[in-house]
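K.L.:
Just so it is clear, I am handing over coords.pdb, which has PDB, C-alpha atoms, pLDDT in the B column.
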```pdb
ATOM      1  CA  MET Z  25     -93.592 109.642  62.978  1.00 64.00           C
ATOM      2  CA  ILE Z  26     -91.975 106.754  61.169  1.00 65.00           C
ATOM      3  CA  GLY Z  27     -93.821 104.322  63.458  1.00 71.00           C
ATOM      4  CA  VAL Z  28     -97.093 106.033  62.595  1.00 68.00           C
ATOM      5  CA  SER Z  29     -96.292 105.767  58.892  1.00 65.00           C
ATOM      6  CA  HIS Z  30     -95.625 102.024  59.225  1.00 63.00           C
ATOM      7  CA  GLU Z  31     -98.869 101.570  61.162  1.00 69.00           C
ATOM      8  CA  ALA Z  32    -100.775 103.544  58.515  1.00 67.00           C
ATOM      9  CA  GLU Z  33     -99.211 101.432  55.767  1.00 68.00           C
ATOM     10  CA  ALA Z  34    -100.114  98.195  57.576  1.00 66.00           C
ATOM     11  CA  ARG Z  35    -103.730  99.345  57.805  1.00 71.00           C
ATOM     12  CA  GLY Z  36    -103.882 100.565  54.213  1.00 69.00           C
ATOM     13  CA  ALA Z  37    -104.194 104.198  55.305  1.00 71.00           C
ATOM     14  CA  ASN Z  38    -102.358 107.187  53.902  1.00 77.00           C
ATOM     15  CA  SER Z  39     -99.655 109.137  55.679  1.00 81.00           C
ATOM     16  CA  PHE Z  40     -98.794 112.726  54.924  1.00 86.00           C
ATOM     17  CA  SER Z  41     -95.860 114.990  55.736  1.00 91.00           C
ATOM     18  CA  GLU Z  42     -95.244 118.637  54.937  1.00 95.00           C
ATOM     19  CA  LEU Z  43     -91.920 120.452  54.767  1.00 96.00           C
ATOM     20  CA  ILE Z  44     -91.118 124.135  54.481  1.00 97.00           C
ATOM     21  CA  LEU Z  45     -88.386 124.987  51.991  1.00 97.00           C
ATOM     22  CA  GLY Z  46     -86.071 127.867  52.845  1.00 95.00           C
ATOM     23  CA  LEU Z  47     -86.312 128.096  56.620  1.00 95.00           C
ATOM     24  CA  PRO Z  48     -83.404 129.997  58.250  1.00 95.00           C
ATOM     25  CA  GLY Z  49     -80.306 127.807  58.465  1.00 94.00           C
ATOM     26  CA  MET Z  50     -81.591 125.240  55.958  1.00 96.00           C
ATOM     27  CA  THR Z  51     -79.322 124.036  53.158  1.00 97.00           C
ATOM     28  CA  LYS Z  52     -80.043 122.325  49.855  1.00 98.00           C
ATOM     29  CA  ASP Z  53     -78.623 119.099  51.282  1.00 97.00           C
ATOM     30  CA  ASP Z  54     -80.934 119.378  54.313  1.00 97.00           C
ATOM     31  CA  HIS Z  55     -83.973 119.671  52.059  1.00 98.00           C
ATOM     32  CA  PHE Z  56     -82.979 116.788  49.774  1.00 98.00           C
ATOM     33  CA  LYS Z  57     -82.179 114.604  52.799  1.00 97.00           C
ATOM     34  CA  SER Z  58     -85.505 115.371  54.498  1.00 96.00           C
ATOM     35  CA  VAL Z  59     -87.578 114.691  51.388  1.00 97.00           C
ATOM     36  CA  LEU Z  60     -85.800 111.435  50.557  1.00 96.00           C
ATOM     37  CA  GLU Z  61     -85.833 110.148  54.154  1.00 94.00           C
ATOM     38  CA  LEU Z  62     -89.587 110.748  54.390  1.00 94.00           C
ATOM     39  CA  ILE Z  63     -90.093 108.816  51.158  1.00 93.00           C
ATOM     40  CA  ASP Z  64     -87.968 105.932  52.434  1.00 92.00           C
ATOM     41  CA  ALA Z  65     -89.868 105.999  55.737  1.00 88.00           C
ATOM     42  CA  GLY Z  66     -92.980 105.124  53.759  1.00 87.00           C
ATOM     43  CA  ILE Z  67     -94.809 108.442  54.037  1.00 90.00           C
ATOM     44  CA  ASN Z  68     -97.352 108.354  51.172  1.00 89.00           C
ATOM     45  CA  VAL Z  69     -97.387 112.077  50.452  1.00 93.00           C
ATOM     46  CA  VAL Z  70     -94.359 114.320  50.949  1.00 96.00           C
ATOM     47  CA  ARG Z  71     -95.327 117.886  50.217  1.00 96.00           C
ATOM     48  CA  SER Z  72     -93.033 120.924  50.331  1.00 96.00           C
ATOM     49  CA  HIS Z  73     -94.240 124.465  50.839  1.00 95.00           C
ATOM     50  CA  GLN Z  74     -92.462 127.741  50.318  1.00 95.00           C
ATOM     51  CA  PHE Z  75     -91.425 129.746  53.387  1.00 97.00           C
ATOM     52  CA  LEU Z  76     -93.808 132.701  53.574  1.00 96.00           C
ATOM     53  CA  MET Z  77     -92.709 135.881  55.293  1.00 96.00           C
ATOM     54  CA  LEU Z  78     -95.824 136.557  57.329  1.00 94.00           C
ATOM     55  CA  PRO Z  79     -96.204 140.122  58.585  1.00 92.00           C
ATOM     56  CA  GLY Z  80     -95.613 140.262  62.325  1.00 93.00           C
ATOM     57  CA  ALA Z  81     -93.810 136.911  62.464  1.00 94.00           C
ATOM     58  CA  GLU Z  82     -90.300 136.861  63.917  1.00 93.00           C
ATOM     59  CA  ALA Z  83     -88.848 135.631  60.628  1.00 92.00           C
ATOM     60  CA  SER Z  84     -90.124 138.679  58.781  1.00 92.00           C
ATOM     61  CA  ASN Z  85     -88.556 141.305  61.034  1.00 93.00           C
ATOM     62  CA  GLN Z  86     -85.484 143.172  59.798  1.00 95.00           C
ATOM     63  CA  GLN Z  87     -83.132 141.710  62.432  1.00 96.00           C
ATOM     64  CA  THR Z  88     -83.949 138.102  61.471  1.00 96.00           C
ATOM     65  CA  ARG Z  89     -83.715 138.906  57.756  1.00 96.00           C
ATOM     66  CA  GLU Z  90     -80.222 140.354  58.259  1.00 96.00           C
ATOM     67  CA  LYS Z  91     -79.039 137.607  60.641  1.00 97.00           C
ATOM     68  CA  TYR Z  92     -79.911 134.820  58.163  1.00 97.00           C
ATOM     69  CA  GLY Z  93     -79.412 136.795  54.950  1.00 97.00           C
ATOM     70  CA  LEU Z  94     -83.011 136.139  53.901  1.00 97.00           C
ATOM     71  CA  GLN Z  95     -83.772 137.159  50.330  1.00 97.00           C
ATOM     72  CA  THR Z  96     -87.357 137.330  49.188  1.00 96.00           C
ATOM     73  CA  ARG Z  97     -89.571 137.721  46.165  1.00 95.00           C
ATOM     74  CA  PHE Z  98     -93.255 138.417  45.803  1.00 93.00           C
ATOM     75  CA  ARG Z  99     -95.944 136.326  44.138  1.00 88.00           C
ATOM     76  CA  ILE Z 100     -99.664 136.445  43.694  1.00 84.00           C
ATOM     77  CA  THR Z 101    -101.233 134.030  46.166  1.00 80.00           C
ATOM     78  CA  PRO Z 102    -102.698 131.086  44.228  1.00 75.00           C
ATOM     79  CA  ASP Z 103    -106.457 131.275  43.587  1.00 76.00           C
ATOM     80  CA  THR Z 104    -106.781 134.926  44.659  1.00 74.00           C
ATOM     81  CA  PHE Z 105    -106.608 136.690  41.293  1.00 72.00           C
ATOM     82  CA  ASP Z 106    -110.188 137.568  40.492  1.00 75.00           C
ATOM     83  CA  SER Z 107    -112.248 140.492  39.263  1.00 79.00           C
ATOM     84  CA  TYR Z 108    -114.320 142.380  41.825  1.00 80.00           C
ATOM     85  CA  ARG Z 109    -117.059 144.928  41.358  1.00 83.00           C
ATOM     86  CA  LEU Z 110    -117.738 147.826  43.748  1.00 84.00           C
ATOM     87  CA  PHE Z 111    -119.764 150.987  43.087  1.00 89.00           C
ATOM     88  CA  GLU Z 112    -120.156 150.114  39.409  1.00 88.00           C
ATOM     89  CA  LYS Z 113    -116.382 149.736  38.920  1.00 87.00           C
ATOM     90  CA  SER Z 114    -114.515 146.507  38.227  1.00 85.00           C
ATOM     91  CA  PHE Z 115    -111.038 145.945  39.602  1.00 81.00           C
ATOM     92  CA  PHE Z 116    -108.537 143.230  40.417  1.00 78.00           C
ATOM     93  CA  SER Z 117    -107.312 142.789  43.982  1.00 78.00           C
ATOM     94  CA  PRO Z 118    -105.097 139.717  44.308  1.00 82.00           C
ATOM     95  CA  GLU Z 119    -103.412 138.792  47.552  1.00 86.00           C
ATOM     96  CA  ILE Z 120     -99.615 138.953  47.539  1.00 89.00           C
ATOM     97  CA  ASP Z 121     -97.220 136.607  49.347  1.00 91.00           C
ATOM     98  CA  GLU Z 122     -93.608 137.390  50.191  1.00 95.00           C
ATOM     99  CA  VAL Z 123     -91.597 134.182  49.780  1.00 96.00           C
ATOM    100  CA  CYS Z 124     -88.068 133.492  51.050  1.00 97.00           C
ATOM    101  CA  VAL Z 125     -85.981 132.298  48.086  1.00 97.00           C
ATOM    102  CA  ALA Z 126     -82.414 132.426  49.434  1.00 97.00           C
ATOM    103  CA  SER Z 127     -80.421 132.853  52.621  1.00 97.00           C
ATOM    104  CA  ASN Z 128     -76.853 132.789  53.861  1.00 97.00           C
ATOM    105  CA  THR Z 129     -77.041 128.937  53.815  1.00 98.00           C
ATOM    106  CA  MET Z 130     -78.947 128.406  50.539  1.00 98.00           C
ATOM    107  CA  SER Z 131     -78.390 130.269  47.282  1.00 97.00           C
ATOM    108  CA  PHE Z 132     -81.236 131.076  44.925  1.00 97.00           C
ATOM    109  CA  GLU Z 133     -79.853 128.491  42.472  1.00 97.00           C
ATOM    110  CA  GLU Z 134     -79.973 125.833  45.207  1.00 98.00           C
ATOM    111  CA  TYR Z 135     -83.500 126.943  46.093  1.00 98.00           C
ATOM    112  CA  VAL Z 136     -84.516 126.355  42.464  1.00 97.00           C
ATOM    113  CA  GLU Z 137     -82.878 122.895  42.578  1.00 97.00           C
ATOM    114  CA  CYS Z 138     -84.934 122.074  45.678  1.00 98.00           C
ATOM    115  CA  ARG Z 139     -88.105 123.278  43.967  1.00 97.00           C
ATOM    116  CA  THR Z 140     -87.435 120.993  40.988  1.00 97.00           C
ATOM    117  CA  LEU Z 141     -86.949 118.020  43.337  1.00 98.00           C
ATOM    118  CA  ASP Z 142     -90.296 118.916  44.912  1.00 98.00           C
ATOM    119  CA  LEU Z 143     -91.847 118.888  41.425  1.00 97.00           C
ATOM    120  CA  THR Z 144     -90.370 115.428  40.775  1.00 97.00           C
ATOM    121  CA  VAL Z 145     -91.843 114.151  44.032  1.00 97.00           C
ATOM    122  CA  GLU Z 146     -95.248 115.586  43.095  1.00 95.00           C
ATOM    123  CA  ILE Z 147     -95.158 113.960  39.645  1.00 95.00           C
ATOM    124  CA  PHE Z 148     -93.661 110.558  40.425  1.00 94.00           C
ATOM    125  CA  TYR Z 149     -94.423 109.909  44.085  1.00 95.00           C
ATOM    126  CA  ASN Z 150     -97.254 111.843  45.713  1.00 93.00           C
ATOM    127  CA  ASN Z 151    -100.014 110.895  43.337  1.00 79.00           C
ATOM    128  CA  GLY Z 152     -99.503 107.181  43.943  1.00 83.00           C
ATOM    129  CA  ILE Z 153     -99.301 106.426  40.229  1.00 86.00           C
ATOM    130  CA  PHE Z 154     -96.273 104.179  40.847  1.00 90.00           C
ATOM    131  CA  LYS Z 155     -97.462 102.828  44.202  1.00 87.00           C
ATOM    132  CA  GLU Z 156     -97.209  99.193  43.097  1.00 90.00           C
ATOM    133  CA  LEU Z 157     -93.707  99.762  41.729  1.00 91.00           C
ATOM    134  CA  PHE Z 158     -92.565 101.252  45.040  1.00 89.00           C
ATOM    135  CA  LYS Z 159     -94.071  98.319  46.962  1.00 88.00           C
ATOM    136  CA  PHE Z 160     -92.243  95.891  44.666  1.00 93.00           C
ATOM    137  CA  LEU Z 161     -88.967  97.773  45.089  1.00 91.00           C
ATOM    138  CA  LYS Z 162     -89.386  97.795  48.874  1.00 88.00           C
ATOM    139  CA  SER Z 163     -89.946  94.029  48.870  1.00 91.00           C
ATOM    140  CA  ASN Z 164     -86.602  93.745  47.075  1.00 95.00           C
ATOM    141  CA  ASP Z 165     -84.795  96.104  49.484  1.00 93.00           C
ATOM    142  CA  ILE Z 166     -84.539  98.915  46.932  1.00 94.00           C
ATOM    143  CA  LEU Z 167     -85.115 102.370  48.366  1.00 95.00           C
ATOM    144  CA  ALA Z 168     -87.885 104.404  46.744  1.00 94.00           C
ATOM    145  CA  SER Z 169     -85.682 107.476  47.075  1.00 95.00           C
ATOM    146  CA  SER Z 170     -83.130 105.977  44.684  1.00 95.00           C
ATOM    147  CA  ILE Z 171     -85.804 105.738  41.984  1.00 94.00           C
ATOM    148  CA  ILE Z 172     -87.054 109.258  42.708  1.00 96.00           C
ATOM    149  CA  LEU Z 173     -83.507 110.604  42.414  1.00 96.00           C
ATOM    150  CA  LYS Z 174     -82.994 108.729  39.141  1.00 96.00           C
ATOM    151  CA  ALA Z 175     -86.316 110.043  37.778  1.00 95.00           C
ATOM    152  CA  HIS Z 176     -85.267 113.529  38.876  1.00 96.00           C
ATOM    153  CA  GLU Z 177     -81.919 113.280  37.089  1.00 96.00           C
ATOM    154  CA  GLN Z 178     -83.600 112.004  33.920  1.00 95.00           C
ATOM    155  CA  ALA Z 179     -86.337 114.666  34.010  1.00 95.00           C
ATOM    156  CA  LEU Z 180     -83.701 117.416  34.170  1.00 94.00           C
ATOM    157  CA  ARG Z 181     -81.870 116.196  31.067  1.00 94.00           C
ATOM    158  CA  PRO Z 182     -82.226 118.529  28.063  1.00 92.00           C
ATOM    159  CA  ASP Z 183     -83.409 115.594  25.899  1.00 94.00           C
ATOM    160  CA  SER Z 184     -86.065 114.523  28.417  1.00 94.00           C
ATOM    161  CA  LEU Z 185     -89.712 114.493  27.387  1.00 94.00           C
ATOM    162  CA  LEU Z 186     -90.335 116.423  30.611  1.00 94.00           C
ATOM    163  CA  ASP Z 187     -87.761 119.107  29.810  1.00 93.00           C
ATOM    164  CA  PRO Z 188     -90.425 121.637  28.689  1.00 94.00           C
ATOM    165  CA  VAL Z 189     -92.351 121.081  31.939  1.00 95.00           C
ATOM    166  CA  TYR Z 190     -89.280 121.550  34.130  1.00 95.00           C
ATOM    167  CA  GLU Z 191     -88.001 124.430  32.027  1.00 95.00           C
ATOM    168  CA  GLY Z 192     -91.336 126.217  32.407  1.00 94.00           C
ATOM    169  CA  PHE Z 193     -91.411 125.493  36.136  1.00 94.00           C
ATOM    170  CA  VAL Z 194     -87.894 126.863  36.623  1.00 94.00           C
ATOM    171  CA  LEU Z 195     -88.717 129.950  34.565  1.00 93.00           C
ATOM    172  CA  ALA Z 196     -91.863 130.595  36.634  1.00 90.00           C
ATOM    173  CA  THR Z 197     -89.841 130.096  39.835  1.00 90.00           C
ATOM    174  CA  GLN Z 198     -87.178 132.538  38.661  1.00 89.00           C
ATOM    175  CA  GLU Z 199     -89.752 135.146  37.660  1.00 83.00           C
TER     176      GLU Z 199
END
```
Starting from the file, give its structure as structure tokens.
P.N.:
Amino acid sequence: MIGVSHEAEARGANSFSELILGLPGMTKDDHFKSVLELIDAGINVVRSHQFLMLPGAEASNQQTREKYGLQTRFRITPDTFDSYRLFEKSFFSPEIDEVCVASNTMSFEEYVECRTLDLTVEIFYNNGIFKELFKFLKSNDILASSIILKAHEQALRPDSLLDPVYEGFVLATQE
């Protein structure tokens, strides 16, 4: 995969990688390490998704939930909350997702920390707004992940201009 990312970079193409946060056995350190290694490998877009408990999947059965201590919460699936009309009556019928938010290897607090790192990556890395900066840093043997981590630390500070954004994101994640 890293070879493909280097080839894509050499040709001016984009590379894309997706991760799933909260898989059984995963730790906070695993998630941070994966995200940062993908960034340093030169993957242009590193996107993290939440671990959905799909009905009928092995991960959603009771035995797996107990074995890995999976804790879940429910959310309305994005872009599914709409008004419908049937037989002259209007009603709402959003789709609901069950999302794994903790396990016996990752606490809910650690899950929230991982989600905030994912937000930092979305803001400062994935959109390519600092693409030239990251190229410059690479040419000077400075890892892009070190800048992402520094931006993450700064964004989480209570006096940060981004504090309201992160605070709102954490609140929405907790709810």
K.L.:
Taking the file as shown, find all residues satisfying the PyMOL selection byres ((chain Z and resi 94) around 8) and write them as number ranges by chain.
P.N.:
Z: 48, 88-93, 95-96, 124-128
K.L.:
Do you have the CA of Leu43 in chain Z-CA of Ser72 in chain Z distance handy?
P.N.:
4.6 Å
K.L.:
Just so the selection is clear, what residues does the PyMOL selection byres ((chain Z and resi 199) around 10) cover here, as a list in words?
P.N.:
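When the PyMOL selection byres ((chain Z and resi 199) around 10) is applied, the selected residues are Arg97, Phe98, Arg99, Phe193, Val194, Leu195, Ala196, Thr197 and Gln198 of chain Z.
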K.L.:
Tell me which protein, DNA and RNA residues are within 7 Å of Met77 in chain Z, counting only C-alpha atoms, leaving out same-chain ones fewer than 5 positions away, and put them as an MDAnalysis selection string.
P.N.:
chainID Z and resid 83:84 122:124
K.L.:
What is the CA of Glu82 in chain Z to CA of Phe105 in chain Z distance in Å?
P.N.:
27.9 Å
K.L.:
Run the PyMOL selection byres ((chain Z and resi 157-172) around 9) on the file and write out the hits as an mmCIF file with C-alpha atoms, in the frame of the given file.
P.N.:
```
data_model
loop_
_atom_site.group_PDB
_atom_site.id
_atom_site.type_symbol
_atom_site.label_atom_id
_atom_site.label_comp_id
_atom_site.auth_asym_id
_atom_site.auth_seq_id
_atom_site.Cartn_x
_atom_site.Cartn_y
_atom_site.Cartn_z
ATOM 1 C CA VAL Z 59 -87.578 114.691 51.388
ATOM 2 C CA LEU Z 60 -85.800 111.435 50.557
ATOM 3 C CA GLU Z 61 -85.833 110.148 54.154
ATOM 4 C CA LEU Z 62 -89.587 110.748 54.390
ATOM 5 C CA ILE Z 63 -90.093 108.816 51.158
ATOM 6 C CA ASP Z 64 -87.968 105.932 52.434
ATOM 7 C CA GLY Z 66 -92.980 105.124 53.759
ATOM 8 C CA LEU Z 141 -86.949 118.020 43.337
ATOM 9 C CA THR Z 144 -90.370 115.428 40.775
ATOM 10 C CA VAL Z 145 -91.843 114.151 44.032
ATOM 11 C CA PHE Z 148 -93.661 110.558 40.425
ATOM 12 C CA TYR Z 149 -94.423 109.909 44.085
ATOM 13 C CA ILE Z 153 -99.301 106.426 40.229
ATOM 14 C CA PHE Z 154 -96.273 104.179 40.847
ATOM 15 C CA LYS Z 155 -97.462 102.828 44.202
ATOM 16 C CA GLU Z 156 -97.209 99.193 43.097
ATOM 17 C CA LEU Z 173 -83.507 110.604 42.414
ATOM 18 C CA LYS Z 174 -82.994 108.729 39.141
ATOM 19 C CA ALA Z 175 -86.316 110.043 37.778
ATOM 20 C CA HIS Z 176 -85.267 113.529 38.876
ATOM 21 C CA GLU Z 177 -81.919 113.280 37.089
#
```
K.L.:
So how many Å separate CA of Ser41 in chain Z and CA of Val69 in chain Z, to one decimal?
P.N.:
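Between these atoms lies a distance of 6.2 Å.
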K.L.:
Within 12 Å of (-105.1, 132.5, 41.7), in the coordinates the file gives, what residues turn up when you count all atoms listed in the file, written out as a list in words?
P.N.:
Arg99, Ile100, Thr101, Pro102, Asp103, Thr104, Phe105, Asp106, Ser107, Phe116, Ser117, Pro118, Glu119, Ile120 and Asp121 of chain Z
K.L.:
Taking all atoms listed in the file into account, which of Z:Gly27, Z:Pro182, Z:Pro188, Z:Pro79 comes nearest Ser39 in chain Z?
P.N.:
Z:Gly27
K.L.:
Taking all heavy atoms as the atom set, what does range 39-50 of chain Z look like once completed, written as an mmCIF file, in the frame of the given file?
P.N.:
```cif
data_model
loop_
_atom_site.group_PDB
_atom_site.id
_atom_site.type_symbol
_atom_site.label_atom_id
_atom_site.label_comp_id
_atom_site.auth_asym_id
_atom_site.auth_seq_id
_atom_site.Cartn_x
_atom_site.Cartn_y
_atom_site.Cartn_z
ATOM 1 N N SER Z 39 -100.409 108.289 54.756
ATOM 2 C CA SER Z 39 -99.655 109.137 55.679
ATOM 3 C C SER Z 39 -99.184 110.348 54.886
ATOM 4 O O SER Z 39 -98.987 110.273 53.677
ATOM 5 C CB SER Z 39 -98.476 108.372 56.280
ATOM 6 O OG SER Z 39 -97.689 107.796 55.270
ATOM 7 N N PHE Z 40 -99.019 111.449 55.585
ATOM 8 C CA PHE Z 40 -98.794 112.726 54.924
ATOM 9 C C PHE Z 40 -97.787 113.527 55.730
ATOM 10 O O PHE Z 40 -97.878 113.581 56.960
ATOM 11 C CB PHE Z 40 -100.147 113.457 54.877
ATOM 12 C CG PHE Z 40 -100.154 114.742 54.132
ATOM 13 C CD1 PHE Z 40 -100.409 114.762 52.778
ATOM 14 C CD2 PHE Z 40 -99.944 115.944 54.784
ATOM 15 C CE1 PHE Z 40 -100.449 115.966 52.084
ATOM 16 C CE2 PHE Z 40 -99.973 117.142 54.103
ATOM 17 C CZ PHE Z 40 -100.228 117.153 52.748
ATOM 18 N N SER Z 41 -96.823 114.141 55.054
ATOM 19 C CA SER Z 41 -95.860 114.990 55.736
ATOM 20 C C SER Z 41 -95.638 116.253 54.914
ATOM 21 O O SER Z 41 -95.612 116.203 53.677
ATOM 22 C CB SER Z 41 -94.533 114.266 55.931
ATOM 23 O OG SER Z 41 -93.641 115.068 56.660
ATOM 24 N N GLU Z 42 -95.489 117.365 55.608
ATOM 25 C CA GLU Z 42 -95.244 118.637 54.937
ATOM 26 C C GLU Z 42 -93.921 119.220 55.413
ATOM 27 O O GLU Z 42 -93.593 119.142 56.597
ATOM 28 C CB GLU Z 42 -96.368 119.626 55.245
ATOM 29 C CG GLU Z 42 -97.702 119.180 54.690
ATOM 30 C CD GLU Z 42 -98.818 120.137 55.038
ATOM 31 O OE1 GLU Z 42 -99.016 120.398 56.242
ATOM 32 O OE2 GLU Z 42 -99.485 120.616 54.110
ATOM 33 N N LEU Z 43 -93.192 119.798 54.475
ATOM 34 C CA LEU Z 43 -91.920 120.452 54.767
ATOM 35 C C LEU Z 43 -92.019 121.903 54.321
ATOM 36 O O LEU Z 43 -92.809 122.230 53.437
ATOM 37 C CB LEU Z 43 -90.782 119.779 53.988
ATOM 38 C CG LEU Z 43 -90.546 118.304 54.252
ATOM 39 C CD1 LEU Z 43 -89.607 117.722 53.214
ATOM 40 C CD2 LEU Z 43 -89.975 118.124 55.633
ATOM 41 N N ILE Z 44 -91.188 122.746 54.907
ATOM 42 C CA ILE Z 44 -91.118 124.135 54.481
ATOM 43 C C ILE Z 44 -89.720 124.379 53.928
ATOM 44 O O ILE Z 44 -88.727 124.230 54.647
ATOM 45 C CB ILE Z 44 -91.420 125.107 55.637
ATOM 46 C CG1 ILE Z 44 -92.823 124.849 56.182
ATOM 47 C CG2 ILE Z 44 -91.280 126.562 55.156
ATOM 48 C CD1 ILE Z 44 -93.162 125.646 57.422
ATOM 49 N N LEU Z 45 -89.655 124.727 52.666
ATOM 50 C CA LEU Z 45 -88.386 124.987 51.991
ATOM 51 C C LEU Z 45 -87.926 126.412 52.277
ATOM 52 O O LEU Z 45 -88.695 127.348 52.132
ATOM 53 C CB LEU Z 45 -88.552 124.801 50.477
ATOM 54 C CG LEU Z 45 -87.384 125.232 49.598
ATOM 55 C CD1 LEU Z 45 -86.127 124.435 49.929
ATOM 56 C CD2 LEU Z 45 -87.737 125.091 48.132
ATOM 57 N N GLY Z 46 -86.671 126.553 52.693
ATOM 58 C CA GLY Z 46 -86.071 127.867 52.845
ATOM 59 C C GLY Z 46 -86.076 128.438 54.248
ATOM 60 O O GLY Z 46 -85.812 129.627 54.426
ATOM 61 N N LEU Z 47 -86.359 127.602 55.249
ATOM 62 C CA LEU Z 47 -86.312 128.096 56.620
ATOM 63 C C LEU Z 47 -84.894 128.555 56.966
ATOM 64 O O LEU Z 47 -83.913 128.037 56.409
ATOM 65 C CB LEU Z 47 -86.748 127.000 57.601
ATOM 66 C CG LEU Z 47 -88.221 126.632 57.579
ATOM 67 C CD1 LEU Z 47 -88.462 125.388 58.427
ATOM 68 C CD2 LEU Z 47 -89.082 127.787 58.063
ATOM 69 N N PRO Z 48 -84.744 129.526 57.873
ATOM 70 C CA PRO Z 48 -83.404 129.997 58.250
ATOM 71 C C PRO Z 48 -82.497 128.844 58.683
ATOM 72 O O PRO Z 48 -82.902 127.972 59.443
ATOM 73 C CB PRO Z 48 -83.691 130.943 59.428
ATOM 74 C CG PRO Z 48 -85.076 131.434 59.171
ATOM 75 C CD PRO Z 48 -85.800 130.251 58.570
ATOM 76 N N GLY Z 49 -81.285 128.840 58.133
ATOM 77 C CA GLY Z 49 -80.306 127.807 58.465
ATOM 78 C C GLY Z 49 -80.373 126.569 57.589
ATOM 79 O O GLY Z 49 -79.482 125.732 57.625
ATOM 80 N N MET Z 50 -81.432 126.428 56.804
ATOM 81 C CA MET Z 50 -81.591 125.240 55.958
ATOM 82 C C MET Z 50 -80.658 125.308 54.743
ATOM 83 O O MET Z 50 -80.431 126.369 54.178
ATOM 84 C CB MET Z 50 -83.044 125.143 55.474
ATOM 85 C CG MET Z 50 -83.295 123.982 54.514
ATOM 86 S SD MET Z 50 -84.988 123.973 53.886
ATOM 87 C CE MET Z 50 -85.756 123.009 55.162
#
```
